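**Student:** File follows, model.txt with compact mmCIF, C-alpha atoms and all ligand atoms:
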# COMPACT_ATOMS: atom_id res chain seq x y z
CA MET A 19 31.47 287.26 263.23
CA GLY A 20 27.75 286.50 263.03
CA ALA A 21 28.30 283.06 264.55
CA ALA A 22 30.29 284.50 267.46
CA CYS A 23 27.60 287.14 268.07
CA ALA A 24 24.86 284.50 267.91
CA TRP A 25 26.72 282.37 270.45
CA GLU A 26 27.51 285.23 272.82
CA LEU A 27 23.96 286.59 272.76
CA SER A 28 22.47 283.14 273.27
CA GLN A 29 24.71 282.74 276.33
CA ALA A 30 23.16 285.96 277.60
CA GLY A 31 19.69 284.44 277.24
CA PHE A 32 18.58 285.85 273.88
CA LYS A 33 16.70 283.80 271.27
CA VAL A 34 18.80 284.22 268.15
CA THR A 35 17.97 284.04 264.45
CA VAL A 36 20.69 283.86 261.80
CA ILE A 37 20.10 284.84 258.17
CA GLU A 38 22.68 283.46 255.73
CA PRO A 39 22.26 283.40 251.94
CA HIS A 40 25.14 280.99 251.39
CA ALA A 41 26.94 278.44 253.60
CA ILE A 42 27.48 279.19 257.30
CA GLY A 43 31.08 280.39 257.64
CA GLY A 44 31.43 280.42 253.88
CA GLY A 45 32.43 284.07 253.31
CA ALA A 46 35.82 285.50 254.28
CA THR A 47 35.63 283.13 257.23
CA ALA A 48 36.14 280.12 254.97
CA ALA A 49 38.95 281.90 253.14
CA GLY A 50 40.92 283.12 256.17
CA MET A 51 43.94 281.51 257.78
CA GLY A 52 42.50 281.19 261.26
CA HIS A 53 45.55 282.53 263.07
CA LEU A 54 44.31 283.73 266.48
CA ALA A 55 46.82 286.51 266.82
CA VAL A 56 47.70 289.18 269.30
CA MET A 57 48.78 292.39 267.53
CA ASP A 58 50.30 295.70 268.60
CA ASP A 59 49.65 298.24 265.84
CA SER A 60 47.78 300.38 268.35
CA GLU A 61 46.66 300.10 271.97
CA ALA A 62 43.11 299.54 270.71
CA GLN A 63 44.16 296.75 268.37
CA PHE A 64 46.20 295.15 271.14
CA ALA A 65 43.34 295.37 273.63
CA LEU A 66 40.84 293.70 271.30
CA THR A 67 43.18 290.97 270.04
CA ARG A 68 44.48 290.08 273.49
CA TYR A 69 41.01 290.10 275.04
CA SER A 70 39.67 287.97 272.19
CA GLN A 71 42.57 285.55 272.55
CA SER A 72 41.67 284.98 276.19
CA LEU A 73 38.03 284.34 275.20
CA TRP A 74 39.13 281.85 272.50
CA LYS A 75 41.25 280.12 275.11
CA SER A 76 38.29 279.65 277.43
CA LEU A 77 36.17 278.44 274.50
CA ALA A 78 38.86 276.03 273.29
CA GLU A 79 38.00 273.08 275.52
CA ARG A 80 34.40 273.13 274.23
CA LEU A 81 35.42 273.20 270.57
CA PRO A 82 35.03 269.87 268.75
CA PRO A 83 38.14 268.30 267.14
CA GLN A 84 36.92 269.38 263.69
CA ALA A 85 37.48 273.02 264.74
CA GLU A 86 41.21 272.11 264.79
CA TYR A 87 42.16 274.45 267.64
CA LEU A 88 45.95 274.28 267.88
CA PRO A 89 47.79 276.30 270.55
CA CYS A 90 50.99 276.33 268.48
CA GLY A 91 52.18 279.88 269.23
CA ALA A 92 53.51 282.27 266.60
CA ILE A 93 56.99 283.41 265.64
CA TRP A 94 57.59 286.81 264.03
CA VAL A 95 60.80 286.40 262.03
CA ALA A 96 63.42 289.17 261.86
CA ALA A 97 65.58 289.01 258.72
CA ASP A 98 68.22 291.55 259.80
CA GLY A 99 69.43 293.77 262.61
CA GLU A 100 66.89 296.48 261.90
CA GLU A 101 64.01 294.01 262.15
CA MET A 102 65.60 292.56 265.29
CA ALA A 103 65.39 296.01 266.89
CA GLU A 104 61.68 296.03 266.05
CA VAL A 105 61.33 292.56 267.56
CA ARG A 106 62.90 293.85 270.78
CA ARG A 107 60.47 296.78 270.84
CA LYS A 108 57.55 294.41 270.38
CA CYS A 109 58.84 292.12 273.10
CA THR A 110 58.98 295.03 275.56
CA PHE A 111 55.49 296.15 274.50
CA TYR A 112 53.91 292.74 275.03
CA THR A 113 55.79 291.91 278.22
CA ALA A 114 54.78 295.25 279.76
CA ARG A 115 51.15 294.30 279.05
CA GLY A 116 51.28 290.84 280.57
CA THR A 117 51.48 288.95 277.28
CA PRO A 118 54.08 286.16 277.19
CA ALA A 119 56.72 287.08 274.58
CA GLU A 120 60.18 285.61 274.14
CA LEU A 121 63.14 286.90 272.12
CA LEU A 122 64.76 284.21 269.96
CA ASP A 123 68.31 284.69 268.71
CA ALA A 124 69.37 283.18 265.38
CA ALA A 125 70.22 279.79 266.92
CA ALA A 126 66.99 279.58 268.94
CA LEU A 127 64.99 280.52 265.84
CA ALA A 128 66.65 277.78 263.79
CA GLU A 129 65.96 275.27 266.54
CA ALA A 130 62.32 276.32 266.81
CA GLU A 131 61.70 276.13 263.04
CA PRO A 132 64.40 274.02 261.34
CA HIS A 133 63.08 274.67 257.81
CA LEU A 134 63.71 278.43 257.98
CA ARG A 135 66.74 279.42 255.91
CA PRO A 136 70.05 280.02 257.72
CA GLY A 137 71.18 283.62 258.23
CA LEU A 138 68.01 285.09 259.72
CA ALA A 139 68.60 287.42 262.68
CA GLY A 140 66.10 285.99 265.15
CA GLY A 141 62.47 286.26 266.10
CA LEU A 142 59.77 286.86 268.64
CA LEU A 143 57.83 283.92 270.04
CA LEU A 144 54.26 284.68 271.10
CA ALA A 145 53.37 281.47 272.87
CA GLU A 146 49.68 282.21 273.37
CA ASP A 147 48.82 282.68 269.71
CA ALA A 148 46.83 279.76 268.35
CA VAL A 149 45.20 278.46 265.18
CA VAL A 150 41.65 277.37 264.42
CA TYR A 151 39.72 276.09 261.39
CA PRO A 152 37.30 279.01 261.06
CA PRO A 153 34.34 277.59 259.06
CA TYR A 154 33.91 274.69 261.45
CA ALA A 155 34.24 276.94 264.49
CA ALA A 156 31.49 279.13 263.01
CA LEU A 157 29.22 276.14 262.47
CA PHE A 158 29.82 274.95 266.03
CA LEU A 159 28.99 278.36 267.50
CA ILE A 160 25.72 278.58 265.55
CA GLU A 161 24.73 275.08 266.67
CA GLU A 162 25.61 275.83 270.30
CA ALA A 163 23.58 279.03 270.09
CA LYS A 164 20.57 276.91 269.04
CA ALA A 165 19.95 279.66 266.55
CA ARG A 166 17.06 279.52 264.10
CA VAL A 167 18.72 279.70 260.69
CA TYR A 168 17.14 281.24 257.60
CA ALA A 169 19.36 279.49 255.06
CA GLY A 170 19.43 280.74 251.49
CA ARG A 171 17.81 284.06 252.46
CA ARG A 172 19.39 287.51 252.66
CA VAL A 173 18.49 290.70 254.47
CA VAL A 174 17.43 293.44 252.06
CA LYS A 175 16.11 296.08 254.44
CA LEU A 176 16.84 297.16 257.99
CA SER A 177 14.66 298.80 260.61
CA ASP A 178 14.75 299.28 264.35
CA GLU A 179 11.93 296.75 264.59
CA GLY A 180 13.77 294.01 262.67
CA PRO A 181 15.10 293.05 259.22
CA THR A 182 13.19 292.24 256.03
CA LEU A 183 14.37 289.30 253.92
CA ASP A 184 14.58 288.96 250.14
CA ASP A 185 11.33 286.93 250.04
CA GLY A 186 9.48 289.75 251.83
CA THR A 187 9.49 288.08 255.27
CA PHE A 188 9.70 290.62 258.08
CA LEU A 189 11.41 289.26 261.20
CA PRO A 190 10.51 291.23 264.32
CA ALA A 191 13.65 291.61 266.44
CA ALA A 192 14.63 293.60 269.52
CA HIS A 193 18.18 293.88 268.17
CA THR A 194 19.72 293.25 264.74
CA VAL A 195 23.46 292.73 264.21
CA ILE A 196 24.88 293.39 260.72
CA SER A 197 27.81 290.99 260.40
CA THR A 198 27.87 290.70 256.63
CA GLY A 199 31.59 291.33 256.13
CA ILE A 200 32.41 293.14 252.90
CA ALA A 201 28.69 293.11 251.98
CA ALA A 202 27.94 295.56 254.83
CA ARG A 203 27.78 298.38 252.28
CA GLU A 204 24.78 296.74 250.59
CA LEU A 205 22.72 297.54 253.67
CA VAL A 206 24.52 300.72 254.75
CA PRO A 207 26.14 302.12 251.59
CA GLU A 208 28.06 304.88 253.34
CA LEU A 209 30.08 302.54 255.51
CA PRO A 210 33.80 303.02 254.84
CA VAL A 211 34.43 299.31 254.32
CA THR A 212 36.63 298.31 251.36
CA PRO A 213 37.33 294.78 250.10
CA ARG A 214 40.98 293.78 250.35
CA LYS A 215 41.77 290.65 248.40
CA GLY A 216 44.06 287.92 249.71
CA HIS A 217 45.50 284.70 248.25
CA LEU A 218 46.30 281.48 250.13
CA LEU A 219 47.68 278.05 249.27
CA ILE A 220 47.49 274.77 251.18
CA THR A 221 49.84 271.81 250.81
CA ASP A 222 49.44 268.09 251.15
CA ARG A 223 50.14 266.56 254.59
CA TYR A 224 53.69 266.89 255.96
CA PRO A 225 53.39 266.26 259.72
CA GLY A 226 56.08 268.09 261.70
CA PHE A 227 57.27 270.28 258.83
CA LEU A 228 56.15 273.40 260.66
CA ARG A 229 55.60 273.89 264.42
CA HIS A 230 54.42 277.46 264.82
CA GLN A 231 52.56 280.08 262.83
CA VAL A 232 55.57 281.75 261.24
CA ILE A 233 55.34 285.29 259.89
CA GLU A 234 57.97 287.62 258.50
CA LEU A 235 58.14 290.99 260.21
CA GLY A 236 57.65 292.55 256.78
CA TYR A 237 54.03 291.30 257.02
CA LEU A 238 53.30 294.45 258.99
CA LYS A 239 54.56 296.63 256.12
CA SER A 240 52.34 294.60 253.79
CA ALA A 241 49.32 294.98 256.06
CA HIS A 242 49.91 298.74 256.38
CA SER A 243 50.51 299.57 252.73
CA SER A 244 47.36 301.29 251.53
CA ASP A 245 47.62 301.50 247.77
CA THR A 246 50.07 298.92 246.45
CA ASP A 247 49.64 295.18 246.05
CA SER A 248 51.82 293.45 248.59
CA VAL A 249 52.89 289.99 249.70
CA ALA A 250 54.46 288.67 252.89
CA PHE A 251 55.63 285.27 254.08
CA ASN A 252 53.15 283.72 256.47
CA ALA A 253 52.94 279.95 257.05
CA GLN A 254 50.72 277.97 259.35
CA PRO A 255 50.83 274.37 260.61
CA ARG A 256 47.48 272.58 260.50
CA ILE A 257 46.56 269.69 262.80
CA THR A 258 46.27 267.59 259.65
CA GLY A 259 49.99 268.13 258.91
CA GLN A 260 49.15 270.46 256.03
CA VAL A 261 50.95 273.77 255.65
CA LEU A 262 48.84 276.83 254.88
CA ILE A 263 50.85 279.50 253.07
CA GLY A 264 50.02 283.18 252.63
CA SER A 265 49.55 285.91 252.04
CA SER A 266 48.80 288.78 249.71
CA ARG A 267 46.91 292.06 249.98
CA GLN A 268 45.25 293.94 247.13
CA TYR A 269 42.82 296.84 246.92
CA GLY A 270 40.88 297.82 243.82
CA THR A 271 39.62 294.41 242.72
CA GLU A 272 36.50 292.43 243.51
CA ASN A 273 37.38 289.60 241.14
CA PRO A 274 37.79 286.42 243.22
CA ALA A 275 39.92 284.62 240.61
CA VAL A 276 43.32 283.32 241.73
CA GLU A 277 45.91 285.51 239.99
CA GLU A 278 48.98 283.62 238.91
CA SER A 279 51.21 286.68 239.22
CA MET A 280 50.20 287.29 242.86
CA MET A 281 50.53 283.61 243.70
CA ASP A 282 53.95 283.61 242.08
CA ARG A 283 55.09 286.65 244.11
CA MET A 284 53.67 285.18 247.30
CA LEU A 285 55.42 281.85 246.86
CA ARG A 286 58.73 283.41 245.86
CA ARG A 287 58.57 285.38 249.11
CA ALA A 288 57.82 282.20 251.06
CA LEU A 289 60.80 280.46 249.44
CA GLU A 290 63.09 283.31 250.50
CA TYR A 291 62.30 282.43 254.12
CA MET A 292 61.65 278.70 253.87
CA PRO A 293 63.34 277.21 250.78
CA ASP A 294 62.19 273.67 251.64
CA ILE A 295 58.64 274.68 250.78
CA ALA A 296 59.74 274.06 247.18
CA GLY A 297 59.63 270.35 247.94
CA LEU A 298 56.02 270.36 249.15
CA SER A 299 53.05 269.59 246.99
CA ALA A 300 50.24 272.17 246.86
CA ILE A 301 46.70 270.85 246.69
CA ARG A 302 44.55 273.99 246.58
CA THR A 303 44.74 277.75 246.12
CA TRP A 304 42.00 280.29 246.75
CA THR A 305 41.24 283.91 247.48
CA GLY A 306 39.07 285.86 249.91
CA PHE A 307 38.22 289.45 250.75
CA ARG A 308 39.01 291.20 254.00
CA ALA A 309 36.69 294.04 255.06
CA ALA A 310 39.11 296.96 255.54
CA THR A 311 38.40 300.29 257.26
CA PRO A 312 40.42 303.51 256.84
CA ASP A 313 41.83 303.48 260.40
CA LYS A 314 42.43 299.71 260.54
CA LEU A 315 40.04 299.20 263.45
CA PRO A 316 36.72 297.36 263.20
CA LEU A 317 33.22 298.81 263.43
CA ILE A 318 31.57 297.49 266.59
CA GLY A 319 28.53 299.25 267.98
CA ILE A 320 25.26 300.93 267.05
CA CYS A 321 24.84 301.49 263.32
CA PRO A 322 24.57 305.23 262.67
CA GLY A 323 20.96 306.19 261.95
CA TYR A 324 19.44 303.37 264.03
CA LYS A 325 18.66 302.59 267.66
CA ASN A 326 18.50 298.80 267.61
CA VAL A 327 20.76 297.90 264.70
CA TYR A 328 24.41 297.11 265.41
CA LEU A 329 27.53 296.69 263.30
CA ALA A 330 30.16 293.96 263.63
CA THR A 331 32.31 294.32 260.55
CA GLY A 332 35.50 295.93 259.23
CA HIS A 333 37.91 293.50 260.91
CA GLU A 334 40.27 293.26 257.88
CA GLY A 335 42.78 290.45 258.51
CA LEU A 336 41.84 289.87 262.15
CA GLY A 337 38.18 288.91 262.05
CA ILE A 338 38.70 285.34 263.22
CA SER A 339 41.01 286.45 266.03
CA THR A 340 38.70 289.21 267.21
CA SER A 341 35.31 287.55 266.67
CA THR A 342 35.05 286.47 270.32
CA GLY A 343 35.93 289.90 271.73
CA THR A 344 33.71 291.69 269.22
CA ALA A 345 30.74 289.52 270.17
CA ARG A 346 31.35 290.07 273.89
CA LEU A 347 31.61 293.86 273.45
CA LEU A 348 28.36 293.92 271.45
CA ALA A 349 26.57 291.80 274.05
CA ASP A 350 27.85 294.18 276.77
CA LEU A 351 26.51 297.14 274.80
CA ILE A 352 23.12 295.53 274.19
CA LEU A 353 22.80 294.47 277.83
CA ASN A 354 24.16 297.74 279.15
CA ARG A 355 26.97 295.87 280.92
CA GLU A 356 30.45 297.16 281.71
CA SER A 357 33.05 295.80 279.29
CA SER A 358 36.46 294.40 280.22
CA ILE A 359 38.16 296.70 277.68
CA PRO A 360 37.10 300.17 276.46
CA ARG A 361 34.49 300.01 273.65
CA GLU A 362 35.02 303.55 272.36
CA PRO A 363 37.90 302.91 269.90
CA TYR A 364 35.68 300.62 267.80
CA LEU A 365 32.42 302.62 267.79
CA PRO A 366 31.28 303.18 264.18
CA GLN A 367 30.53 306.86 264.86
CA ARG A 368 34.26 307.63 264.84
CA ILE A 369 34.40 307.26 261.04
CA CYS A 370 30.83 307.19 259.73
CA GLU A 371 29.03 309.96 261.57
CA HIS A 372 27.14 310.99 258.46
CA ALA A 373 26.05 307.53 257.36
CA ASP A 374 22.62 307.59 255.78
CA PRO A 375 21.40 304.02 256.04
CA VAL A 376 18.75 302.38 253.85
CA HIS A 377 15.59 302.28 255.99
C1 LIG A 401 43.46 285.54 252.80
C2 LIG A 401 42.90 285.88 254.14
C3 LIG A 401 43.57 285.47 255.29
C4 LIG A 401 43.06 285.78 256.54
N1 LIG A 401 43.70 285.32 257.65
C5 LIG A 401 43.20 285.60 258.88
C6 LIG A 401 43.83 285.11 260.06
O1 LIG A 401 44.80 284.38 260.00
N2 LIG A 401 43.31 285.47 261.27
C7 LIG A 401 42.21 286.27 261.39
O2 LIG A 401 41.81 286.58 262.50
N3 LIG A 401 41.56 286.72 260.28
C8 LIG A 401 42.02 286.42 259.05
N4 LIG A 401 41.40 286.89 257.93
C9 LIG A 401 40.26 287.78 258.11
C10 LIG A 401 39.01 287.01 258.44
O3 LIG A 401 38.87 285.90 257.56
C11 LIG A 401 37.81 287.94 258.33
O4 LIG A 401 38.07 289.14 259.06
C12 LIG A 401 36.56 287.31 258.93
O5 LIG A 401 36.35 286.03 258.36
C13 LIG A 401 35.37 288.20 258.69
O6 LIG A 401 34.23 287.52 259.17
P1 LIG A 401 32.80 288.12 258.89
O7 LIG A 401 31.84 287.22 259.56
O8 LIG A 401 32.82 289.56 259.22
O9 LIG A 401 32.65 288.05 257.28
P2 LIG A 401 32.28 286.80 256.36
O10 LIG A 401 32.95 285.57 256.82
O11 LIG A 401 32.51 287.24 254.96
O12 LIG A 401 30.75 286.59 256.62
C14 LIG A 401 29.77 287.47 256.16
C15 LIG A 401 28.54 286.65 255.86
O13 LIG A 401 27.46 287.53 255.58
C16 LIG A 401 26.69 286.92 254.58
N5 LIG A 401 25.87 287.97 253.95
C17 LIG A 401 26.25 288.86 252.99
N6 LIG A 401 25.22 289.66 252.67
C18 LIG A 401 24.19 289.30 253.47
C19 LIG A 401 22.85 289.79 253.61
N7 LIG A 401 22.38 290.82 252.88
N8 LIG A 401 22.03 289.17 254.48
C20 LIG A 401 22.49 288.12 255.24
N9 LIG A 401 23.74 287.64 255.15
C21 LIG A 401 24.57 288.23 254.27
C22 LIG A 401 27.69 286.27 253.65
O14 LIG A 401 27.09 285.25 252.88
C23 LIG A 401 28.72 285.76 254.63
O15 LIG A 401 28.52 284.40 254.99
C24 LIG A 401 41.86 286.55 256.65
C25 LIG A 401 41.18 286.93 255.50
C26 LIG A 401 41.67 286.59 254.26
C27 LIG A 401 40.90 287.00 253.05
Write out the structure in this file as structure tokens.
**Tutor:**
Amino acid sequence: MGAACAWELSQAGFKVTVIEPHAIGGGATAAGMGHLAVMDDSEAQFALTRYSQSLWKSLAERLPPQAEYLPCGAIWVAADGEEMAEVRRKCTFYTARGTPAELLDAAALAEAEPHLRPGLAGGLLLAEDAVVYPPYAALFLIEEAKARVYAGRRVVKLSDEGPTLDDGTFLPAAHTVISTGIAARELVPELPVTPRKGHLLITDRYPGFLRHQVIELGYLKSAHSSDTDSVAFNAQPRITGQVLIGSSRQYGTENPAVEESMMDRMLRRALEYMPDIAGLSAIRTWTGFRAATPDKLPLIGICPGYKNVYLATGHEGLGISTSTGTARLLADLILNRESSIPREPYLPQRICEHADPVH
């Protein structure tokens, strides 16, 4: 998120400084799947994901090969008739909003992804979804922004005149963007941002095994559940031929350790949809933390209590997808420009009016 903001603001003519205590793109961004998804939970979520997708598309030709941009499309898989009805509803929703969406019956689904098990009802193909390798994309954006980077330093104090770093350095700044993911609460403790743990696994190289990002429709139930641990089948083809398999969601833990029981549940779920995964060799597992908000929309706008400090956090499982749109909306706000989509649904004031930031 910080890299996208740095890039967007540099395009607008700003001199940008980035402060990063660890590796660039090494937080949730290194842990995420990098599915650039359009989603329809709400009109606001649709608007931001679709807008961001179009911005990613225009950025794509400038991305270096290492960013692994792959316009593979996504298929939401319906297991039964009930889920097929939901797929039809989604198809109507997207089509009505100018987003290419295609209904797949059982035969078309099997042809599109031959390793899915027989007997599934069908699916929805969203051809404009894509995939990227997020940490490299972040690095590229920071380099393109020609940002001055304070590596190994962290912000410990905010003010409208600029941030103060952990070595006491004060950096005068006209505008400061807090894009510290789940660590946002360290600088603004009242922010309603909660870590939501996720597990992922990546396989060895099996070129052609998977063609699209493939997600079970039940993923939405998993993403919406607010108090139970959940898993859903989600698999992604990488340009390298590797298959990235997810995913899980857990509240109430900040322990980054890979939990065998969650991994076990996640893989069993994957095998229910794609039994041939059992024949693939896994090479790495890891976890990461999504920054979740109570209403499932991000915080983009002025940080309550400040005039020149902005928030770009709370993107939960969509922060790679929506980084481009978030950065453009923030730049519009800072430059007092009209935005292509309404900014109001994401303004932090909607859920943290009484925030009392650390000055
Ligand atoms: C398992 C999993 C799968 C996911 N899959 C997808 C997906 O397919 N598609 C998608 O769009 N999204 C996905 N996401 C979500 C996505 O990864 C995140 O929303 C996104 O990476 C958030 O980016 P960020 O820049 O806000 O946070 P981060 O990447 O966490 O970056 C925050 C940075 O702030 C730095 N920082 C912390 N404190 C300070 C401080 N005091 N001063 C300065 N710097 C500080 C940190 O070191 C870190 O580098 C997934 C997430 C997970 C966990």
**Student:** Can you sort out the box for ligand LIG 401 (chain A), edges along x, y and z, all listed atoms in, 3 Å on every side, with centre and edge lengths in Å to one decimal, as lines of an AutoDock Vina configuration file?
**Tutor:**
center_x = 33.4
center_y = 287.6
center_z = 257.6
size_x = 28.8
size_y = 12.4
size_z = 15.8
**Student:** Residues within 7 Å of ligand LIG 401 (chain A), counting all atoms listed in the file: report them as a PyMOL selection string.
**Tutor:** chain A and resi 19-20+37-55+171-174+197-202+204-205+215-218+264-266+305-309+330-340
**Student:** Rounded to one decimal place, report the CA of Glu162 (chain A)-CA of Ala30 (chain A) distance in Å.
**Tutor:**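 Result for CA of Glu162 (chain A) versus CA of Ala30 (chain A): 12.7 Å, one decimal.
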**Student:** Using all atoms listed in the file, collect all residues at a distance of at most 12 Å from (24.8, 285.7, 274.3) as written in the file, then present them as a PyMOL selection string.
**Tutor:** chain A and resi 20-34+159-160+162-165+342+344-353
**Student:** Suppose you want the space between CA of Asp222 (chain A) and CA of Trp74 (chain A); what is it in Å?
**Tutor:**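 Distance between the two atoms: 27.4 Å.
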**Student:** If I take CA of Glu234 (chain A) and CA of Ala92 (chain A), how far is one from the other in Å, to one decimal?
**Tutor:**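 Between CA of Glu234 (chain A) and CA of Ala92 (chain A) the gap works out to 10.7 Å.
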**Student:** Neighbours of Phe111 (chain A) within 12 Å (all atoms listed in the file; same-chain residues fewer than 4 positions away dropped), as a ChimeraX atom specification?
**Tutor:** /A:56-61,64,104-107,115-120,142
**Student:** Give me, as a list in words, all polymer residues having an atom no more than 10 Å from Leu127 (chain A), counting only C-alpha atoms and skipping those fewer than 3 positions away in the same chain.
**Tutor:**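 In the requested format, the answer is Ile93, Trp94, Val95, Ala96, Leu121, Leu122, Asp123, Ala124, Ala130, Glu131, Pro132, Leu134, Pro136, Leu138, Ala139, Gly140, Gly141, Leu142 and Leu143 of chain A.
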**Student:** Excluding same-chain residues fewer than 5 positions from Ala241 (chain A), what lies within 9 Å of it counting only C-alpha atoms, as a list in words?
**Tutor:**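 The residues satisfying every condition are Gly236, Ser248, Val249, Ala250, Ser266, Arg267 and Gly335 of chain A.
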**Student:** Selected residues, C-alpha atoms, written as a tab-separated table (two decimals), in the coordinates of the input, please.
**Tutor:**
chain	number	residue	atom	x	y	z
A	236	GLY	CA	57.65	292.55	256.78
A	248	SER	CA	51.82	293.45	248.59
A	249	VAL	CA	52.89	289.99	249.70
A	250	ALA	CA	54.46	288.67	252.89
A	266	SER	CA	48.80	288.78	249.71
A	267	ARG	CA	46.91	292.06	249.98
A	335	GLY	CA	42.78	290.45	258.51
**Student:** Would you list the residues near (48.5, 273.7, 250.1), meaning any protein, DNA or RNA residue with an atom at most 8 Å from that point in file coordinates, counting all atoms listed in the file, as number ranges by chain?
**Tutor:** A: 219-222, 260-263, 299-303
**Student:** My list of candidates is A:Thr194, A:Ser70, A:Ser76, A:Thr113. Which is closest to Lys325 (chain A) when distances are computed with all atoms listed in the file?
**Tutor:**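 Of the candidates, the smallest distance to Lys325 (chain A) is held by A:Thr194.
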**Student:** Could you name the residues that touch Gln84 (chain A) at 9 Å or less, counting all atoms listed in the file, but leaving out those on the same chain fewer than 4 positions away, as an MDAnalysis selection string?
**Tutor:** chainID A and resid 151 154:155
**Student:** Taking into account all atoms listed in the file, which residue in the set A:Met102, A:Tyr269, A:Val232, A:Gly226 is nearest to Asp247 (chain A)?
**Tutor:**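 Smallest distance to Asp247 (chain A) is found for A:Tyr269.
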**Student:** Compare A:Ala114, A:Ala125, A:Ala169, A:Ile257 by their minimum atom-to-atom distance to Tyr87 (chain A), counting all atoms listed in the file, and give me the closest one.
**Tutor:**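 Nearest candidate to Tyr87 (chain A) out of A:Ala114, A:Ala125, A:Ala169, A:Ile257: A:Ile257.
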**Student:** Near Cys321 (chain A), within 12 Å and counting all atoms listed in the file, which residues show up once chain neighbours fewer than 3 positions away are dropped, as number ranges by chain?
**Tutor:** A: 176-178, 193-197, 202-203, 205-209, 317-318, 324-331, 348, 364-377
**Student:** Under the rule that only C-alpha atoms are counted, which of A:Pro89, A:Pro82, A:Pro293, A:Gly343 is the nearest residue to Arg135 (chain A)?
**Tutor:**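 Among the listed residues, the smallest separation from Arg135 (chain A) belongs to A:Pro293.
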**Student:** Find the nearest atom pair between each residue of region 133-162 of chain A and region 227-230 of chain A for residues within 10 Å, count all atoms listed in the file, give distances in Å to one decimal, sort rows by chain and ascending number, and present the table as CSV.
**Tutor:**
residue,atom,partner,partner_atom,distance
A:His133,CA,A:Phe227,CA,7.4
A:Leu134,CA,A:Leu228,CA,9.5
A:Leu143,CA,A:His230,CA,9.0
A:Leu144,CA,A:His230,CA,9.6
A:Ala145,CA,A:His230,CA,9.1
A:Asp147,CA,A:His230,CA,9.1
A:Ala148,CA,A:His230,CA,8.7
A:Val149,CA,A:His230,CA,9.3
**Student:** Can you write just those residues out, C-alpha atoms, as a PDB file, in the coordinates of the input?
**Tutor:**
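What ended up in selection-v7.pdb:
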ATOM      1  CA  HIS A 133      63.080 274.670 257.810  1.00  0.00           C
ATOM      2  CA  LEU A 134      63.710 278.430 257.980  1.00  0.00           C
ATOM      3  CA  LEU A 143      57.830 283.920 270.040  1.00  0.00           C
ATOM      4  CA  LEU A 144      54.260 284.680 271.100  1.00  0.00           C
ATOM      5  CA  ALA A 145      53.370 281.470 272.870  1.00  0.00           C
ATOM      6  CA  ASP A 147      48.820 282.680 269.710  1.00  0.00           C
ATOM      7  CA  ALA A 148      46.830 279.760 268.350  1.00  0.00           C
ATOM      8  CA  VAL A 149      45.200 278.460 265.180  1.00  0.00           C
TER       9      VAL A 149
END
**Student:** Mind completing region 245-255 of chain A with N, CA and C atoms? Output as a compact mmCIF listing (two decimals), in the coordinates of the input, please?
**Tutor:**
# COMPACT_ATOMS: atom_id res chain seq x y z
N ASP A 245 48.02 301.42 249.17
CA ASP A 245 47.62 301.50 247.77
C ASP A 245 48.34 300.50 246.86
N THR A 246 49.39 299.84 247.35
CA THR A 246 50.07 298.92 246.45
C THR A 246 49.71 297.48 246.78
N ASP A 247 49.81 296.61 245.79
CA ASP A 247 49.64 295.18 246.05
C ASP A 247 50.87 294.72 246.82
N SER A 248 50.67 293.88 247.81
CA SER A 248 51.82 293.45 248.59
C SER A 248 51.69 291.97 248.96
N VAL A 249 52.86 291.38 249.24
CA VAL A 249 52.89 289.99 249.70
C VAL A 249 53.80 289.91 250.92
N ALA A 250 53.58 288.90 251.74
CA ALA A 250 54.46 288.67 252.89
C ALA A 250 54.43 287.19 253.22
N PHE A 251 55.55 286.70 253.72
CA PHE A 251 55.63 285.27 254.08
C PHE A 251 54.88 285.02 255.39
N ASN A 252 53.99 284.06 255.33
CA ASN A 252 53.15 283.72 256.47
C ASN A 252 52.79 282.24 256.31
N ALA A 253 53.23 281.39 257.21
CA ALA A 253 52.94 279.95 257.05
C ALA A 253 52.38 279.39 258.35
N GLN A 254 51.45 278.48 258.19
CA GLN A 254 50.72 277.97 259.35
C GLN A 254 50.68 276.45 259.36
N PRO A 255 50.98 275.83 260.51
CA PRO A 255 50.83 274.37 260.61
C PRO A 255 49.38 274.02 260.90
